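Have a look at protein31.pdb below; it lists PDB, C-alpha atoms.
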ATOM      1  CA  MET A   1      -1.331  24.791  -7.241
ATOM      2  CA  VAL A   2      -2.642  26.600 -10.302
ATOM      3  CA  PRO A   3      -4.479  24.452 -12.910
ATOM      4  CA  THR A   4      -2.596  23.960 -16.162
ATOM      5  CA  TYR A   5      -5.197  25.753 -18.254
ATOM      6  CA  ALA A   6      -4.883  28.851 -16.053
ATOM      7  CA  ILE A   7      -1.117  29.254 -16.481
ATOM      8  CA  PHE A   8      -1.392  30.864 -19.903
ATOM      9  CA  ARG A   9      -4.873  32.349 -19.514
ATOM     10  CA  GLY A  10      -5.199  35.869 -20.847
ATOM     11  CA  LYS A  11      -2.481  38.422 -20.317
ATOM     12  CA  ASP A  12      -1.891  37.420 -16.714
ATOM     13  CA  ARG A  13       0.762  34.818 -16.140
ATOM     14  CA  TYR A  14       0.615  32.300 -13.326
ATOM     15  CA  LEU A  15       3.219  29.835 -12.195
ATOM     16  CA  PRO A  16       2.134  26.233 -11.511
ATOM     17  CA  TYR A  17       2.932  26.805  -7.813
ATOM     18  CA  ASN A  18       2.465  30.127  -6.105
ATOM     19  CA  TRP A  19       5.738  31.442  -4.767
ATOM     20  CA  TRP A  20       7.666  34.639  -4.485
ATOM     21  CA  SER A  21       9.763  35.244  -7.561
ATOM     22  CA  PRO A  22      12.703  37.655  -7.636
ATOM     23  CA  CYS A  23      12.141  38.119 -11.377
ATOM     24  CA  GLU A  24       9.487  39.912 -13.356
ATOM     25  CA  LEU A  25       7.175  37.231 -14.715
ATOM     26  CA  ASN A  26       6.100  39.540 -17.520
ATOM     27  CA  VAL A  27       9.411  38.734 -19.171
ATOM     28  CA  SER A  28       8.985  35.504 -21.117
ATOM     29  CA  LEU A  29      12.488  34.252 -20.356
ATOM     30  CA  TYR A  30      11.991  34.547 -16.594
ATOM     31  CA  PHE A  31       8.447  33.196 -16.742
ATOM     32  CA  TYR A  32       9.265  30.021 -18.667
ATOM     33  CA  GLY A  33      12.494  29.587 -16.728
ATOM     34  CA  SER A  34      10.532  29.697 -13.463
ATOM     35  CA  ILE A  35       8.070  27.094 -14.772
ATOM     36  CA  ILE A  36      10.894  24.753 -15.762
ATOM     37  CA  TYR A  37      12.581  25.286 -12.401
ATOM     38  CA  GLN A  38       9.392  24.451 -10.493
ATOM     39  CA  LEU A  39       8.767  21.330 -12.552
ATOM     40  CA  VAL A  40      12.341  20.112 -12.026
ATOM     41  CA  VAL A  41      12.071  20.666  -8.265
ATOM     42  CA  VAL A  42       8.778  18.750  -8.120
ATOM     43  CA  MET A  43      10.252  15.879 -10.149
ATOM     44  CA  ILE A  44      13.331  15.663  -7.918
ATOM     45  CA  SER A  45      11.174  15.735  -4.784
ATOM     46  CA  GLY A  46       8.970  12.987  -6.188
ATOM     47  CA  MET A  47      11.964  10.830  -7.088
ATOM     48  CA  ASN A  48      13.466  11.320  -3.626
ATOM     49  CA  ASN A  49      10.178  10.390  -2.011
ATOM     50  CA  SER A  50       9.815   7.293  -4.181
ATOM     51  CA  GLY A  51      13.475   6.397  -3.671
ATOM     52  CA  ILE A  52      13.109   6.370   0.109
ATOM     53  CA  ASP A  53      10.071   4.095  -0.170
ATOM     54  CA  ILE A  54      11.879   1.743  -2.542
ATOM     55  CA  VAL A  55      15.010   1.526  -0.370
ATOM     56  CA  CYS A  56      12.937   0.813   2.737
ATOM     57  CA  TYR A  57      10.917  -1.794   0.840
ATOM     58  CA  LYS A  58      13.992  -3.529  -0.580
ATOM     59  CA  ILE A  59      15.786  -3.688   2.770
ATOM     60  CA  SER A  60      12.622  -5.056   4.371
ATOM     61  CA  LYS A  61      12.385  -7.698   1.644
ATOM     62  CA  ILE A  62      15.999  -8.685   2.309
ATOM     63  CA  ILE A  63      15.166  -9.078   6.004
ATOM     64  CA  CYS A  64      12.104 -11.163   5.121
ATOM     65  CA  CYS A  65      14.262 -13.358   2.881
ATOM     66  CA  GLN A  66      16.728 -13.842   5.726
ATOM     67  CA  MET A  67      13.868 -14.860   7.996
ATOM     68  CA  ASP A  68      12.633 -17.304   5.355
ATOM     69  CA  LEU A  69      16.132 -18.789   5.234
ATOM     70  CA  LEU A  70      16.123 -19.051   9.014
ATOM     71  CA  ILE A  71      12.755 -20.801   8.923
ATOM     72  CA  GLY A  72      14.023 -23.197   6.263
ATOM     73  CA  ARG A  73      17.154 -23.997   8.242
ATOM     74  CA  SER A  74      15.138 -24.597  11.409
ATOM     75  CA  THR A  75      13.343 -27.460   9.662
ATOM     76  CA  GLN A  76      16.707 -29.241   9.459
ATOM     77  CA  LEU A  77      16.789 -29.653  13.224
ATOM     78  CA  ASN A  78      16.594 -33.312  14.135
ATOM     79  CA  PHE A  79      16.622 -33.779  17.872
ATOM     80  CA  LEU A  80      16.886 -37.543  17.615
ATOM     81  CA  GLY A  81      20.485 -37.146  16.471
ATOM     82  CA  GLN A  82      21.850 -35.081  19.336
ATOM     83  CA  ASN A  83      25.411 -34.832  18.056
ATOM     84  CA  ASN A  84      24.878 -32.098  15.464
ATOM     85  CA  VAL A  85      21.892 -30.310  16.933
ATOM     86  CA  GLU A  86      23.618 -27.936  19.313
ATOM     87  CA  PRO A  87      26.099 -26.407  16.799
ATOM     88  CA  LEU A  88      23.281 -25.899  14.287
ATOM     89  CA  LEU A  89      21.046 -24.414  16.962
ATOM     90  CA  ASN A  90      23.775 -21.994  18.033
ATOM     91  CA  ASP A  91      24.225 -20.971  14.418
ATOM     92  CA  LEU A  92      20.482 -20.367  14.079
ATOM     93  CA  ILE A  93      20.502 -18.226  17.219
ATOM     94  CA  LYS A  94      23.324 -16.092  15.805
ATOM     95  CA  HIS A  95      21.457 -15.773  12.517
ATOM     96  CA  HIS A  96      18.306 -14.698  14.344
ATOM     97  CA  TYR A  97      20.261 -12.168  16.393
ATOM     98  CA  GLU A  98      21.712 -10.623  13.233
ATOM     99  CA  ILE A  99      18.207 -10.308  11.771
ATOM    100  CA  ILE A 100      16.995  -8.553  14.923
ATOM    101  CA  ARG A 101      19.979  -6.212  14.803
ATOM    102  CA  LEU A 102      19.280  -5.425  11.146
ATOM    103  CA  VAL A 103      15.670  -4.527  11.970
ATOM    104  CA  GLU A 104      16.889  -2.236  14.756
ATOM    105  CA  ILE A 105      19.250  -0.497  12.331
ATOM    106  CA  LEU A 106      16.422  -0.127   9.813
ATOM    107  CA  ASN A 107      14.223   1.410  12.498
ATOM    108  CA  ASP A 108      16.965   3.827  13.505
ATOM    109  CA  LEU A 109      17.434   4.931   9.898
ATOM    110  CA  PHE A 110      13.866   5.091   8.637
ATOM    111  CA  SER A 111      11.750   5.597  11.744
ATOM    112  CA  PRO A 112      11.686   9.430  11.548
ATOM    113  CA  ILE A 113      11.253   9.312   7.775
ATOM    114  CA  ALA A 114       8.465   6.745   8.023
ATOM    115  CA  LEU A 115       6.573   9.019  10.403
ATOM    116  CA  VAL A 116       6.487  11.708   7.709
ATOM    117  CA  GLN A 117       5.908   9.242   4.887
ATOM    118  CA  CYS A 118       2.776   7.886   6.554
ATOM    119  CA  GLY A 119       0.973  10.970   5.319
ATOM    120  CA  THR A 120       2.025  10.488   1.697
ATOM    121  CA  SER A 121       2.677   6.812   1.034
ATOM    122  CA  GLY A 122       1.189   5.149   4.084
ATOM    123  CA  LEU A 123      -0.166   2.143   2.191
ATOM    124  CA  ALA A 124       3.223   1.008   0.880
ATOM    125  CA  ILE A 125       5.075   1.564   4.152
ATOM    126  CA  CYS A 126       2.426  -0.097   6.319
ATOM    127  CA  PHE A 127       2.282  -3.072   3.952
ATOM    128  CA  VAL A 128       6.057  -3.517   4.227
ATOM    129  CA  GLY A 129       5.885  -3.371   8.022
ATOM    130  CA  PHE A 130       3.001  -5.844   8.095
ATOM    131  CA  GLN A 131       4.877  -8.292   5.873
ATOM    132  CA  LEU A 132       7.929  -8.069   8.115
ATOM    133  CA  MET A 133       5.847  -8.688  11.239
ATOM    134  CA  VAL A 134       4.031 -11.711   9.774
ATOM    135  CA  THR A 135       7.267 -13.325   8.613
ATOM    136  CA  SER A 136       8.850 -12.878  12.045
ATOM    137  CA  ILE A 137       5.880 -14.622  13.670
ATOM    138  CA  GLU A 138       6.430 -17.624  11.405
ATOM    139  CA  ILE A 139       9.864 -18.162  12.976
ATOM    140  CA  SER A 140       8.304 -19.222  16.263
ATOM    141  CA  ILE A 141       5.895 -21.532  14.448
ATOM    142  CA  SER A 142       8.732 -23.177  12.521
ATOM    143  CA  TYR A 143      10.599 -24.007  15.739
ATOM    144  CA  TYR A 144       7.446 -25.307  17.361
ATOM    145  CA  LEU A 145       6.814 -27.648  14.429
ATOM    146  CA  THR A 146      10.189 -29.349  14.905
ATOM    147  CA  ASP A 147      10.471 -32.475  17.040
ATOM    148  CA  TRP A 148      11.630 -30.400  20.010
ATOM    149  CA  TYR A 149      10.006 -32.874  22.392
ATOM    150  CA  ASN A 150      12.809 -35.323  21.558
ATOM    151  CA  ALA A 151      15.463 -32.936  22.838
ATOM    152  CA  CYS A 152      17.153 -34.623  25.773
ATOM    153  CA  SER A 153      19.897 -32.101  26.444
ATOM    154  CA  SER A 154      18.919 -29.406  28.933
ATOM    155  CA  ASN A 155      21.153 -26.945  27.088
ATOM    156  CA  VAL A 156      19.255 -27.511  23.842
ATOM    157  CA  ARG A 157      15.915 -27.157  25.612
ATOM    158  CA  ASN A 158      17.039 -23.885  27.181
ATOM    159  CA  HIS A 159      18.093 -22.556  23.793
ATOM    160  CA  LEU A 160      14.748 -23.477  22.287
ATOM    161  CA  PHE A 161      12.906 -21.874  25.177
ATOM    162  CA  LEU A 162      14.821 -18.609  24.747
ATOM    163  CA  ILE A 163      14.235 -18.578  20.990
ATOM    164  CA  MET A 164      10.499 -19.143  21.341
ATOM    165  CA  GLU A 165      10.212 -16.528  24.069
ATOM    166  CA  ARG A 166      12.004 -13.981  21.906
ATOM    167  CA  THR A 167       9.859 -14.696  18.866
ATOM    168  CA  LYS A 168       6.691 -14.029  20.873
ATOM    169  CA  ARG A 169       7.450 -10.359  20.298
ATOM    170  CA  PRO A 170       7.321  -9.900  16.508
ATOM    171  CA  LEU A 171       9.776  -7.680  14.691
ATOM    172  CA  GLU A 172       8.200  -4.368  13.742
ATOM    173  CA  LEU A 173       8.975  -1.235  11.823
ATOM    174  CA  ARG A 174       7.941   1.795  13.843
ATOM    175  CA  ALA A 175       7.165   5.304  12.668
ATOM    176  CA  GLY A 176       9.157   7.717  14.766
ATOM    177  CA  GLY A 177       9.312   5.067  17.474
ATOM    178  CA  VAL A 178       5.667   5.889  18.218
ATOM    179  CA  PHE A 179       3.466   3.288  16.534
ATOM    180  CA  PRO A 180       4.060   0.131  14.478
ATOM    181  CA  LEU A 181       3.691   0.217  10.722
ATOM    182  CA  THR A 182       1.028  -2.408  10.108
ATOM    183  CA  LEU A 183      -2.213  -2.654   8.166
ATOM    184  CA  SER A 184      -4.180  -2.052  11.364
ATOM    185  CA  THR A 185      -2.287   1.214  11.791
ATOM    186  CA  LEU A 186      -3.151   2.146   8.222
ATOM    187  CA  MET A 187      -6.830   1.444   8.864
ATOM    188  CA  SER A 188      -6.710   3.610  11.985
ATOM    189  CA  ILE A 189      -5.190   6.466   9.984
ATOM    190  CA  LEU A 190      -7.844   6.133   7.284
ATOM    191  CA  ARG A 191     -10.675   6.020   9.832
ATOM    192  CA  SER A 192      -9.335   9.088  11.626
ATOM    193  CA  SER A 193      -8.913  10.949   8.337
ATOM    194  CA  TYR A 194     -12.468  10.127   7.307
ATOM    195  CA  SER A 195     -13.805  11.263  10.684
ATOM    196  CA  TYR A 196     -11.964  14.584  10.467
ATOM    197  CA  MET A 197     -13.166  15.099   6.914
ATOM    198  CA  ALA A 198     -16.775  14.406   7.926
ATOM    199  CA  VAL A 199     -16.529  16.902  10.800
ATOM    200  CA  LEU A 200     -15.065  19.577   8.525
ATOM    201  CA  GLN A 201     -17.793  19.024   5.946
ATOM    202  CA  ARG A 202     -20.486  19.432   8.579
ATOM    203  CA  LEU A 203     -18.853  22.612   9.849
ATOM    204  CA  ASN A 204     -18.668  24.020   6.322
ATOM    205  CA  LYS A 205     -22.357  23.308   5.747
ATOM    206  CA  LYS A 206     -23.240  25.282   8.866
TER
END
Starting from the file, give its structure as structure tokens.
Amino acid sequence: MVPTYAIFRGKDRYLPYNWWSPCELNVSLYFYGSIIYQLVVVMISGMNNSGIDIVCYKISKIICCQMDLLIGRSTQLNFLGQNNVEPLLNDLIKHHYEIIRLVEILNDLFSPIALVQCGTSGLAICFVGFQLMVTSIEISISYYLTDWYNACSSNVRNHLFLIMERTKRPLELRAGGVFPLTLSTLMSILRSSYSYMAVLQRLNKK
């Protein structure tokens, strides 16, 4: 990219971004038209990039809100009154299944994009993935904090066992299906980037 002060320096004309132009840049109309075209393209690319991040963030927040609702509903379980526990528990299981399915759809849609976005907006994406993972872990804790020890029905106990076993594996957003988007992943990327930069600096000094 050419610095702004160099675009109009002297008689030579430079575009903000070096590219092949089919027009003669010595003609003012073509020169200024090319500048406007490049700026519009950069703005559209930036808005698309930001839009993808925002959509992914908003959908992740919706999933987190659904998990918060699930956690809140799980506190309503009262195993001393066995009559209404099983229908509510079945409803909670269905709700949890829909959340898992929504995360899978989100991964299918944004996993390839997230792999590319890690290089540009890794902080935002990894933070969203970390928030989703932490909230999913809280589901298991919320069930454990209920009075599950009062459950007399074997069917109810089996349901609780399956729920807790499933929540041992937290929900994650994955970049390209390769690695999870968490803050630890972000730190690994930053450490690797710093190491590569240090090696390149040492090579340049030699």
From the list A:Leu181, A:Leu145, A:Leu109, A:Ala175, which residue is nearest A:Ile52 when using all atoms listed in the file?
A:Leu109
note - atom CA of A:Leu106 and atom CA of A:Gln76 are separated by 29.1 Å
Might you spell out which residues the PyMOL selection byres ((chain A and resi 160) around 10) would select in the displayed file, as a PDB file with C-alpha atoms, keeping the file's coordinate frame?
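Dumped everything to out-v7.pdb:
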ATOM      1  CA  LEU A  89      21.046 -24.414  16.962  1.00  0.00           C
ATOM      2  CA  ILE A  93      20.502 -18.226  17.219  1.00  0.00           C
ATOM      3  CA  SER A 140       8.304 -19.222  16.263  1.00  0.00           C
ATOM      4  CA  TYR A 143      10.599 -24.007  15.739  1.00  0.00           C
ATOM      5  CA  TYR A 144       7.446 -25.307  17.361  1.00  0.00           C
ATOM      6  CA  TRP A 148      11.630 -30.400  20.010  1.00  0.00           C
ATOM      7  CA  ALA A 151      15.463 -32.936  22.838  1.00  0.00           C
ATOM      8  CA  SER A 154      18.919 -29.406  28.933  1.00  0.00           C
ATOM      9  CA  ASN A 155      21.153 -26.945  27.088  1.00  0.00           C
ATOM     10  CA  VAL A 156      19.255 -27.511  23.842  1.00  0.00           C
ATOM     11  CA  ARG A 157      15.915 -27.157  25.612  1.00  0.00           C
ATOM     12  CA  ASN A 158      17.039 -23.885  27.181  1.00  0.00           C
ATOM     13  CA  HIS A 159      18.093 -22.556  23.793  1.00  0.00           C
ATOM     14  CA  PHE A 161      12.906 -21.874  25.177  1.00  0.00           C
ATOM     15  CA  LEU A 162      14.821 -18.609  24.747  1.00  0.00           C
ATOM     16  CA  ILE A 163      14.235 -18.578  20.990  1.00  0.00           C
ATOM     17  CA  MET A 164      10.499 -19.143  21.341  1.00  0.00           C
ATOM     18  CA  GLU A 165      10.212 -16.528  24.069  1.00  0.00           C
ATOM     19  CA  ARG A 166      12.004 -13.981  21.906  1.00  0.00           C
TER      20      ARG A 166
END
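Nearest residue to A:Ile62 among A:Val27, A:Val103, A:Leu203, A:Val42 is A:Val103, counting all atoms listed in the file.
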Atomic separation - atom CA of A:Leu171 relative to atom CA of A:Glu98, Å:
12.4 Å
Applied to this file, what does the PyMOL selection byres ((chain A and resi 64) around 8) return in terms of residues, put as a PDB file with C-alpha atoms, in the frame of the given file?
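Output file result09.pdb follows:
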ATOM      1  CA  SER A  60      12.622  -5.056   4.371  1.00  0.00           C
ATOM      2  CA  LYS A  61      12.385  -7.698   1.644  1.00  0.00           C
ATOM      3  CA  ILE A  62      15.999  -8.685   2.309  1.00  0.00           C
ATOM      4  CA  ILE A  63      15.166  -9.078   6.004  1.00  0.00           C
ATOM      5  CA  CYS A  65      14.262 -13.358   2.881  1.00  0.00           C
ATOM      6  CA  GLN A  66      16.728 -13.842   5.726  1.00  0.00           C
ATOM      7  CA  MET A  67      13.868 -14.860   7.996  1.00  0.00           C
ATOM      8  CA  ASP A  68      12.633 -17.304   5.355  1.00  0.00           C
ATOM      9  CA  GLN A 131       4.877  -8.292   5.873  1.00  0.00           C
ATOM     10  CA  LEU A 132       7.929  -8.069   8.115  1.00  0.00           C
ATOM     11  CA  THR A 135       7.267 -13.325   8.613  1.00  0.00           C
ATOM     12  CA  SER A 136       8.850 -12.878  12.045  1.00  0.00           C
TER      13      SER A 136
END
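All residues that come within 10 Å of the coordinates (-1.9, 7.1, 15.1), counting only C-alpha atoms, are given as Leu115, Cys118, Ala175, Val178, Phe179, Pro180, Leu181, Thr185, Leu186, Met187, Ser188, Ile189, Leu190 and Ser192 of chain A.
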Residues at most 10 Å from stretch 30-40 of chain A, counting only C-alpha atoms, excluding those fewer than 2 positions away in the same chain, as a PyMOL selection string?
chain A and resi 7+13-19+21-28+42-46
